[in-house]
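Chemist: I'm passing along target-v7.pdb; it holds PDB, C-alpha atoms.
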ATOM      1  CA  MET H  67     -28.968  46.120  21.380
ATOM      2  CA  LYS H  68     -27.740  44.168  24.396
ATOM      3  CA  ILE H  69     -24.664  42.055  23.717
ATOM      4  CA  GLY H  70     -23.042  39.475  25.948
ATOM      5  CA  ILE H  71     -19.451  38.351  25.480
ATOM      6  CA  ILE H  72     -18.217  35.186  27.160
ATOM      7  CA  GLY H  73     -14.454  34.858  27.345
ATOM      8  CA  LEU H  74     -12.233  37.936  27.632
ATOM      9  CA  GLY H  75      -9.002  36.668  26.177
ATOM     10  CA  ARG H  76      -7.494  38.510  23.252
ATOM     11  CA  VAL H  77     -10.330  37.595  20.896
ATOM     12  CA  GLY H  78     -13.106  38.447  23.348
ATOM     13  CA  SER H  79     -11.638  41.770  24.461
ATOM     14  CA  SER H  80     -10.776  42.783  20.891
ATOM     15  CA  THR H  81     -14.339  41.942  19.868
ATOM     16  CA  ALA H  82     -15.728  44.076  22.693
ATOM     17  CA  PHE H  83     -13.588  46.987  21.490
ATOM     18  CA  ALA H  84     -14.626  46.514  17.856
ATOM     19  CA  LEU H  85     -18.300  46.468  18.849
ATOM     20  CA  LEU H  86     -17.885  49.590  20.965
ATOM     21  CA  MET H  87     -16.337  51.387  17.995
ATOM     22  CA  LYS H  88     -19.221  50.268  15.767
ATOM     23  CA  GLY H  89     -21.714  51.730  18.241
ATOM     24  CA  PHE H  90     -24.265  48.892  18.144
ATOM     25  CA  ALA H  91     -24.453  48.082  21.849
ATOM     26  CA  ARG H  92     -26.473  50.129  24.311
ATOM     27  CA  GLU H  93     -25.519  47.486  26.892
ATOM     28  CA  MET H  94     -22.596  45.061  26.967
ATOM     29  CA  VAL H  95     -22.023  42.427  29.638
ATOM     30  CA  LEU H  96     -18.579  40.827  29.861
ATOM     31  CA  ILE H  97     -18.181  37.363  31.400
ATOM     32  CA  ASP H  98     -14.970  35.509  32.155
ATOM     33  CA  VAL H  99     -13.828  32.890  34.667
ATOM     34  CA  ASP H 100     -11.276  35.525  35.683
ATOM     35  CA  LYS H 101     -13.702  38.103  37.068
ATOM     36  CA  LYS H 102     -10.966  40.688  37.570
ATOM     37  CA  ARG H 103     -10.031  40.507  33.910
ATOM     38  CA  ALA H 104     -13.662  41.111  32.933
ATOM     39  CA  GLU H 105     -13.894  44.028  35.375
ATOM     40  CA  GLY H 106     -10.684  45.511  34.002
ATOM     41  CA  ASP H 107     -11.890  45.293  30.420
ATOM     42  CA  ALA H 108     -15.241  46.798  31.358
ATOM     43  CA  LEU H 109     -13.563  49.765  33.058
ATOM     44  CA  ASP H 110     -11.129  50.263  30.207
ATOM     45  CA  LEU H 111     -13.893  50.210  27.608
ATOM     46  CA  ILE H 112     -16.348  52.405  29.490
ATOM     47  CA  HIS H 113     -13.654  55.039  29.956
ATOM     48  CA  GLY H 114     -13.583  55.249  26.179
ATOM     49  CA  THR H 115     -17.317  55.901  25.791
ATOM     50  CA  PRO H 116     -16.886  59.718  25.802
ATOM     51  CA  PHE H 117     -15.310  59.153  22.376
ATOM     52  CA  THR H 118     -17.956  56.707  21.117
ATOM     53  CA  ARG H 119     -21.697  56.259  21.379
ATOM     54  CA  ARG H 120     -22.973  55.913  24.921
ATOM     55  CA  ALA H 121     -23.039  52.344  26.225
ATOM     56  CA  ASN H 122     -23.421  50.621  29.569
ATOM     57  CA  ILE H 123     -20.532  48.162  29.853
ATOM     58  CA  TYR H 124     -20.017  45.976  32.908
ATOM     59  CA  ALA H 125     -18.600  42.661  34.119
ATOM     60  CA  GLY H 126     -21.227  40.111  35.049
ATOM     61  CA  ASP H 127     -22.195  36.475  35.259
ATOM     62  CA  TYR H 128     -24.539  34.233  33.314
ATOM     63  CA  PRO H 129     -27.775  35.535  34.902
ATOM     64  CA  ASP H 130     -26.827  38.991  33.562
ATOM     65  CA  LEU H 131     -27.309  37.644  30.034
ATOM     66  CA  ARG H 132     -31.075  37.878  30.443
ATOM     67  CA  GLY H 133     -32.538  40.010  27.677
ATOM     68  CA  SER H 134     -29.462  39.770  25.437
ATOM     69  CA  ASP H 135     -30.039  40.123  21.709
ATOM     70  CA  VAL H 136     -26.676  38.599  20.811
ATOM     71  CA  VAL H 137     -24.267  36.463  22.836
ATOM     72  CA  ILE H 138     -20.732  35.956  21.547
ATOM     73  CA  VAL H 139     -18.808  32.927  22.812
ATOM     74  CA  ALA H 140     -15.044  33.423  22.715
ATOM     75  CA  ALA H 141     -14.120  31.339  25.759
ATOM     76  CA  GLY H 142     -11.632  28.525  25.568
ATOM     77  CA  VAL H 143      -7.996  27.623  25.751
ATOM     78  CA  PRO H 144      -5.800  29.360  23.128
ATOM     79  CA  GLN H 145      -4.290  27.695  20.096
ATOM     80  CA  LYS H 146      -0.632  26.795  20.487
ATOM     81  CA  PRO H 147       1.996  27.333  17.770
ATOM     82  CA  GLY H 148       1.789  24.462  15.306
ATOM     83  CA  GLU H 149      -1.422  23.124  16.820
ATOM     84  CA  THR H 150      -4.301  22.458  14.406
ATOM     85  CA  ARG H 151      -7.747  23.733  15.212
ATOM     86  CA  LEU H 152      -9.018  20.160  15.464
ATOM     87  CA  GLN H 153      -6.442  19.378  18.163
ATOM     88  CA  LEU H 154      -8.141  21.993  20.286
ATOM     89  CA  LEU H 155     -11.363  20.030  20.242
ATOM     90  CA  GLY H 156     -10.894  17.864  23.294
ATOM     91  CA  ARG H 157      -9.796  20.757  25.493
ATOM     92  CA  ASN H 158     -12.674  23.003  24.567
ATOM     93  CA  ALA H 159     -15.696  20.711  24.110
ATOM     94  CA  ARG H 160     -16.554  20.400  27.802
ATOM     95  CA  VAL H 161     -16.181  24.128  28.356
ATOM     96  CA  MET H 162     -18.544  24.779  25.441
ATOM     97  CA  LYS H 163     -21.205  22.430  26.772
ATOM     98  CA  GLU H 164     -21.241  24.205  30.125
ATOM     99  CA  ILE H 165     -21.572  27.580  28.407
ATOM    100  CA  ALA H 166     -24.396  26.208  26.242
ATOM    101  CA  ARG H 167     -26.372  25.107  29.293
ATOM    102  CA  ASN H 168     -26.050  28.536  30.867
ATOM    103  CA  ILE H 169     -26.964  30.525  27.761
ATOM    104  CA  SER H 170     -29.993  28.338  27.037
ATOM    105  CA  LYS H 171     -31.089  28.896  30.641
ATOM    106  CA  TYR H 172     -30.648  32.664  30.869
ATOM    107  CA  ALA H 173     -30.784  33.886  27.242
ATOM    108  CA  PRO H 174     -32.722  31.247  25.270
ATOM    109  CA  ASP H 175     -34.027  33.756  22.712
ATOM    110  CA  SER H 176     -30.675  35.343  21.887
ATOM    111  CA  ILE H 177     -28.651  34.890  18.716
ATOM    112  CA  VAL H 178     -25.460  33.036  19.630
ATOM    113  CA  ILE H 179     -22.213  33.456  17.693
ATOM    114  CA  VAL H 180     -19.558  30.862  18.535
ATOM    115  CA  VAL H 181     -16.018  32.063  17.823
ATOM    116  CA  THR H 182     -13.911  29.618  19.858
ATOM    117  CA  ASN H 183     -11.835  27.188  17.783
ATOM    118  CA  PRO H 184     -12.276  24.631  16.424
ATOM    119  CA  VAL H 185     -15.385  26.640  15.656
ATOM    120  CA  ASP H 186     -17.299  24.153  13.486
ATOM    121  CA  VAL H 187     -17.126  21.302  15.962
ATOM    122  CA  LEU H 188     -17.765  23.494  19.000
ATOM    123  CA  THR H 189     -20.749  25.144  17.328
ATOM    124  CA  TYR H 190     -22.172  21.655  16.809
ATOM    125  CA  PHE H 191     -21.651  20.714  20.467
ATOM    126  CA  PHE H 192     -23.142  24.015  21.614
ATOM    127  CA  LEU H 193     -26.223  23.499  19.448
ATOM    128  CA  LYS H 194     -26.793  19.926  20.584
ATOM    129  CA  GLU H 195     -26.242  20.731  24.267
ATOM    130  CA  SER H 196     -28.363  23.896  24.280
ATOM    131  CA  GLY H 197     -31.290  22.606  22.243
ATOM    132  CA  MET H 198     -31.681  26.109  20.804
ATOM    133  CA  ASP H 199     -33.049  26.980  17.358
ATOM    134  CA  PRO H 200     -30.366  26.191  14.711
ATOM    135  CA  ARG H 201     -31.216  29.452  12.950
ATOM    136  CA  MET H 202     -30.146  31.338  16.061
ATOM    137  CA  VAL H 203     -26.885  29.494  16.747
ATOM    138  CA  PHE H 204     -23.951  29.585  14.364
ATOM    139  CA  GLY H 205     -20.189  29.904  14.260
ATOM    140  CA  SER H 206     -18.077  32.681  12.788
ATOM    141  CA  GLY H 207     -17.002  30.008  10.325
ATOM    142  CA  THR H 208     -14.971  31.007   7.283
ATOM    143  CA  VAL H 209     -15.988  34.669   7.247
ATOM    144  CA  LEU H 210     -12.390  35.588   8.065
ATOM    145  CA  ASP H 211     -10.918  33.022   5.656
ATOM    146  CA  THR H 212     -13.077  34.473   2.886
ATOM    147  CA  ALA H 213     -11.886  37.969   3.785
ATOM    148  CA  ARG H 214      -8.246  36.837   3.801
ATOM    149  CA  LEU H 215      -8.560  35.257   0.355
ATOM    150  CA  ARG H 216     -10.313  38.313  -1.083
ATOM    151  CA  THR H 217      -7.579  40.527   0.342
ATOM    152  CA  LEU H 218      -4.801  38.468  -1.260
ATOM    153  CA  ILE H 219      -6.525  38.569  -4.648
ATOM    154  CA  ALA H 220      -7.243  42.302  -4.320
ATOM    155  CA  GLN H 221      -3.644  43.120  -3.441
ATOM    156  CA  HIS H 222      -2.347  41.105  -6.376
ATOM    157  CA  CYS H 223      -4.805  42.459  -8.938
ATOM    158  CA  GLY H 224      -4.966  46.059  -7.692
ATOM    159  CA  PHE H 225      -8.628  46.192  -6.668
ATOM    160  CA  SER H 226     -10.524  46.867  -3.474
ATOM    161  CA  PRO H 227     -11.264  43.648  -1.526
ATOM    162  CA  LYS H 228     -14.918  44.724  -1.586
ATOM    163  CA  SER H 229     -14.903  44.265  -5.371
ATOM    164  CA  VAL H 230     -13.610  40.692  -5.115
ATOM    165  CA  HIS H 231     -16.275  37.997  -4.804
ATOM    166  CA  VAL H 232     -15.101  34.551  -3.818
ATOM    167  CA  TYR H 233     -16.069  32.252  -0.968
ATOM    168  CA  VAL H 234     -14.160  29.872   1.257
ATOM    169  CA  ILE H 235     -16.410  27.073   2.515
ATOM    170  CA  GLY H 236     -15.995  23.930   4.608
ATOM    171  CA  GLU H 237     -13.976  23.686   7.800
ATOM    172  CA  HIS H 238     -12.515  26.843   9.283
ATOM    173  CA  GLY H 239      -9.084  25.303   9.081
ATOM    174  CA  ASP H 240      -6.853  22.962   7.161
ATOM    175  CA  SER H 241      -9.479  21.382   4.887
ATOM    176  CA  GLU H 242     -11.213  24.634   3.878
ATOM    177  CA  VAL H 243     -12.290  24.925   0.254
ATOM    178  CA  PRO H 244     -11.956  28.031  -1.951
ATOM    179  CA  VAL H 245     -14.744  28.131  -4.532
ATOM    180  CA  TRP H 246     -12.756  29.258  -7.565
ATOM    181  CA  SER H 247     -15.478  28.283 -10.018
ATOM    182  CA  GLY H 248     -17.647  31.189  -8.844
ATOM    183  CA  ALA H 249     -14.873  33.736  -8.190
ATOM    184  CA  MET H 250     -15.323  37.176  -9.756
ATOM    185  CA  ILE H 251     -13.867  40.678  -9.691
ATOM    186  CA  GLY H 252     -16.335  43.409 -10.584
ATOM    187  CA  GLY H 253     -18.607  40.910 -12.329
ATOM    188  CA  ILE H 254     -15.754  39.465 -14.436
ATOM    189  CA  PRO H 255     -14.911  35.790 -13.759
ATOM    190  CA  LEU H 256     -11.510  35.535 -12.082
ATOM    191  CA  LYS H 257     -10.190  33.175 -14.762
ATOM    192  CA  ASN H 258     -10.952  35.855 -17.366
ATOM    193  CA  MET H 259      -9.352  38.557 -15.225
ATOM    194  CA  CYS H 260      -6.154  36.499 -15.046
ATOM    195  CA  GLN H 261      -6.025  36.467 -18.840
ATOM    196  CA  ILE H 262      -6.538  40.231 -18.931
ATOM    197  CA  CYS H 263      -3.905  41.262 -16.358
ATOM    198  CA  GLN H 264      -1.193  38.862 -17.608
ATOM    199  CA  LYS H 265       0.466  38.857 -14.144
ATOM    200  CA  CYS H 266      -0.545  35.376 -13.066
ATOM    201  CA  ASP H 267       1.239  32.071 -13.402
ATOM    202  CA  SER H 268      -0.424  28.665 -13.254
ATOM    203  CA  LYS H 269       0.182  28.304  -9.499
ATOM    204  CA  ILE H 270      -1.099  31.693  -8.341
ATOM    205  CA  LEU H 271      -4.529  30.457  -7.175
ATOM    206  CA  VAL H 272      -2.965  27.509  -5.358
ATOM    207  CA  ASN H 273      -0.601  29.928  -3.612
ATOM    208  CA  PHE H 274      -3.491  32.203  -2.615
ATOM    209  CA  ALA H 275      -5.380  29.252  -1.144
ATOM    210  CA  GLU H 276      -2.323  28.027   0.774
ATOM    211  CA  LYS H 277      -1.561  31.493   2.151
ATOM    212  CA  THR H 278      -5.166  31.820   3.294
ATOM    213  CA  LYS H 279      -5.019  28.440   4.998
ATOM    214  CA  ARG H 280      -1.677  29.210   6.673
ATOM    215  CA  ALA H 281      -2.471  32.779   7.703
ATOM    216  CA  ALA H 282      -3.476  32.001  11.292
ATOM    217  CA  TYR H 283      -0.444  29.763  11.823
ATOM    218  CA  GLU H 284       1.912  32.479  10.598
ATOM    219  CA  ILE H 285       0.362  35.120  12.853
ATOM    220  CA  ILE H 286       0.391  32.806  15.885
ATOM    221  CA  GLU H 287       4.046  32.000  15.193
ATOM    222  CA  ARG H 288       4.900  35.705  15.241
ATOM    223  CA  LYS H 289       2.687  37.125  18.001
ATOM    224  CA  GLY H 290       1.027  34.215  19.778
ATOM    225  CA  ALA H 291      -2.580  34.693  18.674
ATOM    226  CA  THR H 292      -4.904  36.136  16.044
ATOM    227  CA  HIS H 293      -7.484  38.562  17.380
ATOM    228  CA  TYR H 294      -7.834  41.873  15.522
ATOM    229  CA  ALA H 295      -9.186  40.556  12.221
ATOM    230  CA  ILE H 296     -11.529  38.004  13.797
ATOM    231  CA  ALA H 297     -12.860  40.721  16.112
ATOM    232  CA  LEU H 298     -13.656  42.893  13.102
ATOM    233  CA  ALA H 299     -15.237  39.888  11.370
ATOM    234  CA  VAL H 300     -17.511  39.247  14.366
ATOM    235  CA  ALA H 301     -18.443  42.943  14.516
ATOM    236  CA  ASP H 302     -19.344  42.699  10.832
ATOM    237  CA  ILE H 303     -21.587  39.704  11.559
ATOM    238  CA  VAL H 304     -23.322  41.612  14.364
ATOM    239  CA  GLU H 305     -23.784  44.575  12.021
ATOM    240  CA  SER H 306     -25.745  42.398   9.609
ATOM    241  CA  ILE H 307     -28.002  41.364  12.502
ATOM    242  CA  PHE H 308     -28.358  44.876  13.937
ATOM    243  CA  PHE H 309     -29.366  46.480  10.639
ATOM    244  CA  ASP H 310     -31.202  43.387   9.335
ATOM    245  CA  GLU H 311     -28.984  43.584   6.259
ATOM    246  CA  LYS H 312     -29.618  40.039   5.058
ATOM    247  CA  ARG H 313     -26.021  39.858   3.858
ATOM    248  CA  VAL H 314     -24.515  36.674   2.465
ATOM    249  CA  LEU H 315     -21.809  35.400   4.821
ATOM    250  CA  THR H 316     -19.994  32.080   5.086
ATOM    251  CA  LEU H 317     -21.065  31.074   8.584
ATOM    252  CA  SER H 318     -20.760  27.688  10.245
ATOM    253  CA  VAL H 319     -24.366  26.508  10.370
ATOM    254  CA  TYR H 320     -26.161  23.246  11.044
ATOM    255  CA  LEU H 321     -26.909  21.350   7.843
ATOM    256  CA  GLU H 322     -29.704  18.794   7.590
ATOM    257  CA  ASP H 323     -28.878  17.919   3.978
ATOM    258  CA  TYR H 324     -26.623  20.086   1.817
ATOM    259  CA  LEU H 325     -24.946  18.537  -1.212
ATOM    260  CA  GLY H 326     -24.951  15.203   0.605
ATOM    261  CA  VAL H 327     -23.620  16.656   3.869
ATOM    262  CA  LYS H 328     -25.860  16.323   6.924
ATOM    263  CA  ASP H 329     -25.944  16.529  10.738
ATOM    264  CA  ILE H 330     -22.920  18.788  11.003
ATOM    265  CA  CYS H 331     -21.989  22.446  11.435
ATOM    266  CA  ILE H 332     -19.818  23.695   8.580
ATOM    267  CA  SER H 333     -19.377  26.929   6.640
ATOM    268  CA  VAL H 334     -21.553  27.644   3.625
ATOM    269  CA  PRO H 335     -23.053  30.913   2.334
ATOM    270  CA  VAL H 336     -26.158  32.010   4.252
ATOM    271  CA  THR H 337     -28.257  35.151   4.499
ATOM    272  CA  LEU H 338     -28.132  36.767   7.932
ATOM    273  CA  GLY H 339     -30.558  39.273   9.428
ATOM    274  CA  LYS H 340     -32.228  40.274  12.676
ATOM    275  CA  ASN H 341     -33.840  36.834  13.038
ATOM    276  CA  GLY H 342     -30.605  34.939  12.559
ATOM    277  CA  VAL H 343     -29.897  32.658   9.615
ATOM    278  CA  GLU H 344     -32.744  33.147   7.144
ATOM    279  CA  ARG H 345     -31.595  31.112   4.154
ATOM    280  CA  ILE H 346     -28.870  28.599   3.385
ATOM    281  CA  LEU H 347     -27.647  29.070  -0.180
ATOM    282  CA  GLU H 348     -26.705  25.969  -2.134
ATOM    283  CA  LEU H 349     -23.667  26.626  -4.313
ATOM    284  CA  GLU H 350     -23.080  25.118  -7.727
ATOM    285  CA  LEU H 351     -19.683  23.518  -7.205
ATOM    286  CA  ASN H 352     -17.556  21.771  -9.776
ATOM    287  CA  GLU H 353     -16.620  18.160  -9.199
ATOM    288  CA  GLU H 354     -13.284  18.938  -7.546
ATOM    289  CA  GLU H 355     -14.808  21.508  -5.171
ATOM    290  CA  LEU H 356     -17.700  19.228  -4.240
ATOM    291  CA  ASP H 357     -15.321  16.376  -3.453
ATOM    292  CA  ALA H 358     -13.137  18.667  -1.323
ATOM    293  CA  PHE H 359     -16.186  20.023   0.521
ATOM    294  CA  ARG H 360     -17.439  16.539   1.338
ATOM    295  CA  LYS H 361     -13.967  15.511   2.513
ATOM    296  CA  SER H 362     -13.859  18.586   4.754
ATOM    297  CA  ALA H 363     -17.231  17.631   6.203
ATOM    298  CA  SER H 364     -16.007  14.081   6.758
ATOM    299  CA  ILE H 365     -13.006  15.349   8.743
ATOM    300  CA  LEU H 366     -15.283  17.365  11.000
ATOM    301  CA  LYS H 367     -17.757  14.506  11.339
ATOM    302  CA  ASN H 368     -14.968  12.150  12.404
ATOM    303  CA  ALA H 369     -13.775  14.681  14.983
ATOM    304  CA  ILE H 370     -17.300  14.967  16.399
ATOM    305  CA  ASP H 371     -17.635  11.187  16.550
ATOM    306  CA  GLU H 372     -14.257  10.810  18.271
ATOM    307  CA  ILE H 373     -14.988  13.330  20.996
ATOM    308  CA  THR H 374     -18.509  11.925  21.480
ATOM    309  CA  THR H 375     -17.039   8.461  22.001
ATOM    310  CA  GLU H 376     -14.510   9.818  24.492
ATOM    311  CA  GLU H 377     -17.223  11.723  26.349
ATOM    312  CA  ASN H 378     -19.308   8.552  26.647
ATOM    313  CA  LYS H 379     -16.306   6.665  28.008
ATOM    314  CA  HIS H 380     -15.646   9.463  30.497
ATOM    315  CA  GLN H 381     -19.271   9.438  31.690
ATOM    316  CA  ASN H 382     -19.309   5.652  32.057
ATOM    317  CA  THR H 383     -16.040   5.727  34.025
ATOM    318  CA  SER H 384     -17.130   8.569  36.313
ATOM    319  CA  GLY H 385     -20.562   7.019  36.766
TER     320      GLY H 385
END
Give the structure from this file in structure tokens form.

Modeler:
Amino acid sequence: MKIGIIGLGRVGSSTAFALLMKGFAREMVLIDVDKKRAEGDALDLIHGTPFTRRANIYAGDYPDLRGSDVVIVAAGVPQKPGETRLQLLGRNARVMKEIARNISKYAPDSIVIVVTNPVDVLTYFFLKESGMDPRMVFGSGTVLDTARLRTLIAQHCGFSPKSVHVYVIGEHGDSEVPVWSGAMIGGIPLKNMCQICQKCDSKILVNFAEKTKRAAYEIIERKGATHYAIALAVADIVESIFFDEKRVLTLSVYLEDYLGVKDICISVPVTLGKNGVERILELELNEEELDAFRKSASILKNAIDEITTEENKHQNTSG
């Protein structure tokens, strides 16, 4: 598998390392506006290949993406402490459009994974600018949010996170929606498990949801950025593609009509394999969850409309 990574900040470089450790890539091309940074990462990683599977890792430019199976987009300005993901939109949209034009030119048949935040909105702009197949372009979405929530529940209940089944859908950010109505541990509905363990109070699920939502902010406050867990999440996504696993993951995908939500990229459960997104799974949500999901979509839609309006003004002024 040939993998391209665009953007070698902490997320991009951590993702390159995670992929090297997984052993998927026979070839990895690293692209960054700071060419020296990309060269440094390439050297550092290739010096580690005696301890991993053999891989050709090098710094390159967009033409070097030709023949890529997967391209990961992690380029963009970093999130500041206290800054919401949606506030990043204006600073990253133009960068994403330029990247989209280059990938569609040099690697039009690749599967593209957008990781840059705000990931839902930027995935939408990438898709519209590139004109690529929506099944082949998606964002990392709420894969990490889902993992964070499962981890919190697992730690509290004393189970492996792999035995906890619950999804976080909607925006990767402040309006994300935990789907409690379908949550299970080992096939037992979570609400029943709470009655069994007798350790939960009435606010425990609300606290789990809030901790999941605030996780990135807390990490950024302490160390400036989140990058290890998202890198592992992206490597997990690539693994599903590499082995054609057809796993169900909450990716940010383009929706034509999903529970009344349309013309937007937002996280819902999908099956992922070697050909990209194969199926979009429609969840049975309760009334509260459905309302929250639609509100989340509305927030993202408004953000897209706002930046589109600003872009049109900018073009008219410059023209």

Chemist: Hey, can you check how far CA of Val185 in chain H sits from CA of Pro200 in chain H?

Modeler: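 Interatomic distance, CA of Val185 in chain H to CA of Pro200 in chain H: 15.0 Å.
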
Chemist: Out of H:Ile303, H:Leu321, H:Ile254, H:Ala84, which residue has the shortest atom-to-atom distance to Lys367 in chain H when counting only C-alpha atoms?

Modeler: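 Closest to Lys367 in chain H, using only C-alpha atoms: H:Leu321.
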
Chemist: What would the selection look like, as a compact mmCIF listing (two decimals) with C-alpha atoms, in the coordinates of the input, if the PyMOL selection byres ((chain H and resi 69-81) around 8) were run on the coordinates I just shared?

Modeler:
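Result file follows (out.txt):
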# COMPACT_ATOMS: atom_id res chain seq x y z
CA MET H 67 -28.97 46.12 21.38
CA LYS H 68 -27.74 44.17 24.40
CA ALA H 82 -15.73 44.08 22.69
CA PHE H 83 -13.59 46.99 21.49
CA ALA H 84 -14.63 46.51 17.86
CA LEU H 85 -18.30 46.47 18.85
CA ALA H 91 -24.45 48.08 21.85
CA GLU H 93 -25.52 47.49 26.89
CA MET H 94 -22.60 45.06 26.97
CA VAL H 95 -22.02 42.43 29.64
CA LEU H 96 -18.58 40.83 29.86
CA ILE H 97 -18.18 37.36 31.40
CA ASP H 98 -14.97 35.51 32.16
CA VAL H 99 -13.83 32.89 34.67
CA ARG H 103 -10.03 40.51 33.91
CA ALA H 104 -13.66 41.11 32.93
CA ASP H 107 -11.89 45.29 30.42
CA LEU H 131 -27.31 37.64 30.03
CA SER H 134 -29.46 39.77 25.44
CA ASP H 135 -30.04 40.12 21.71
CA VAL H 136 -26.68 38.60 20.81
CA VAL H 137 -24.27 36.46 22.84
CA ILE H 138 -20.73 35.96 21.55
CA VAL H 139 -18.81 32.93 22.81
CA ALA H 140 -15.04 33.42 22.72
CA ALA H 141 -14.12 31.34 25.76
CA GLY H 142 -11.63 28.52 25.57
CA ALA H 291 -2.58 34.69 18.67
CA THR H 292 -4.90 36.14 16.04
CA HIS H 293 -7.48 38.56 17.38
CA TYR H 294 -7.83 41.87 15.52
CA ILE H 296 -11.53 38.00 13.80
CA ALA H 297 -12.86 40.72 16.11
CA LEU H 298 -13.66 42.89 13.10
CA VAL H 300 -17.51 39.25 14.37
CA ALA H 301 -18.44 42.94 14.52

Chemist: Calculated over all atoms listed in the file, which of the candidates H:Cys260, H:Leu155, H:Val314, H:Ala220 has the smallest distance to Ile373 in chain H?

Modeler: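 Checking each of H:Cys260, H:Leu155, H:Val314, H:Ala220 against Ile373 in chain H, counting all atoms listed in the file, the winner is H:Leu155.
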
Chemist: Excluding Lys279 in chain H and residues on its chain fewer than 6 positions from it, collect all residues at most 12 Å away from it, counting all atoms listed in the file, and give them as a list in words.

Modeler: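 The residues satisfying every condition are Thr150, Arg151, Thr208, Leu210, Asp211, Thr212, Ala213, Arg214, Leu215, Leu218, Val234, Ile235, Gly236, Glu237, His238, Gly239, Asp240, Ser241, Glu242, Val243, Pro244, Val272, Asn273 and Ile285 of chain H.
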
Chemist: If you apply the PyMOL selection byres ((chain H and resi 356) around 12) to this file, what residues do you get, as number ranges by chain?

Modeler: H: 235-236, 242-247, 324-327, 348-355, 357-363

Chemist: Smallest atom-to-atom distance to Ile346 in chain H: which of H:Lys328, H:Arg216, H:Thr316, H:Ile365, using all atoms listed in the file?

Modeler: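 For Ile346 in chain H, the nearest of the candidates is H:Thr316.
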
Chemist: List the residues matched by the PyMOL selection byres ((chain H and resi 129) around 9) in the displayed structure as a ChimeraX atom specification, ordered by chain and then by residue number.

Modeler: /H:126-128,130-132,168-169,171-173

Chemist: What does the distance between CA of Ser176 in chain H and CA of Arg201 in chain H come to in Å, to one decimal place?

Modeler: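 Distance between the two atoms: 10.7 Å.
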
Chemist: For CA of Phe308 in chain H and CA of Val334 in chain H, determine how far apart the two atoms are, in Å to one decimal place.

Modeler: 21.2 Å

Chemist: Take every atom of range 81-88 of chain H listed in the file, fit an axis-aligned box around them, add 4 Å per side, and give the centre and edge lengths in Å to one decimal as JSON.

Modeler:
{"center_x": -16.4, "center_y": 46.7, "center_z": 19.2, "size_x": 13.6, "size_y": 17.4, "size_z": 14.9}

Chemist: Could you produce a table of the residues of range 120-157 of chain H lying within 7 Å of range 108-112 of chain H, with the nearest pair of atoms per residue and their separation in Å rounded to one decimal, using only C-alpha atoms, ordered by chain and increasing residue number, as CSV?

Modeler:
residue,atom,partner,partner_atom,distance
H:Ile123,CA,H:Ala108,CA,5.7
H:Tyr124,CA,H:Ala108,CA,5.1
H:Ala125,CA,H:Ala108,CA,6.0

Chemist: Taking into account all atoms listed in the file, which residue in the set H:Phe274, H:Leu86, H:Gly133, H:Ala295 is nearest to Ala121 in chain H?

Modeler: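 Checking each of H:Phe274, H:Leu86, H:Gly133, H:Ala295 against Ala121 in chain H, counting all atoms listed in the file, the winner is H:Leu86.
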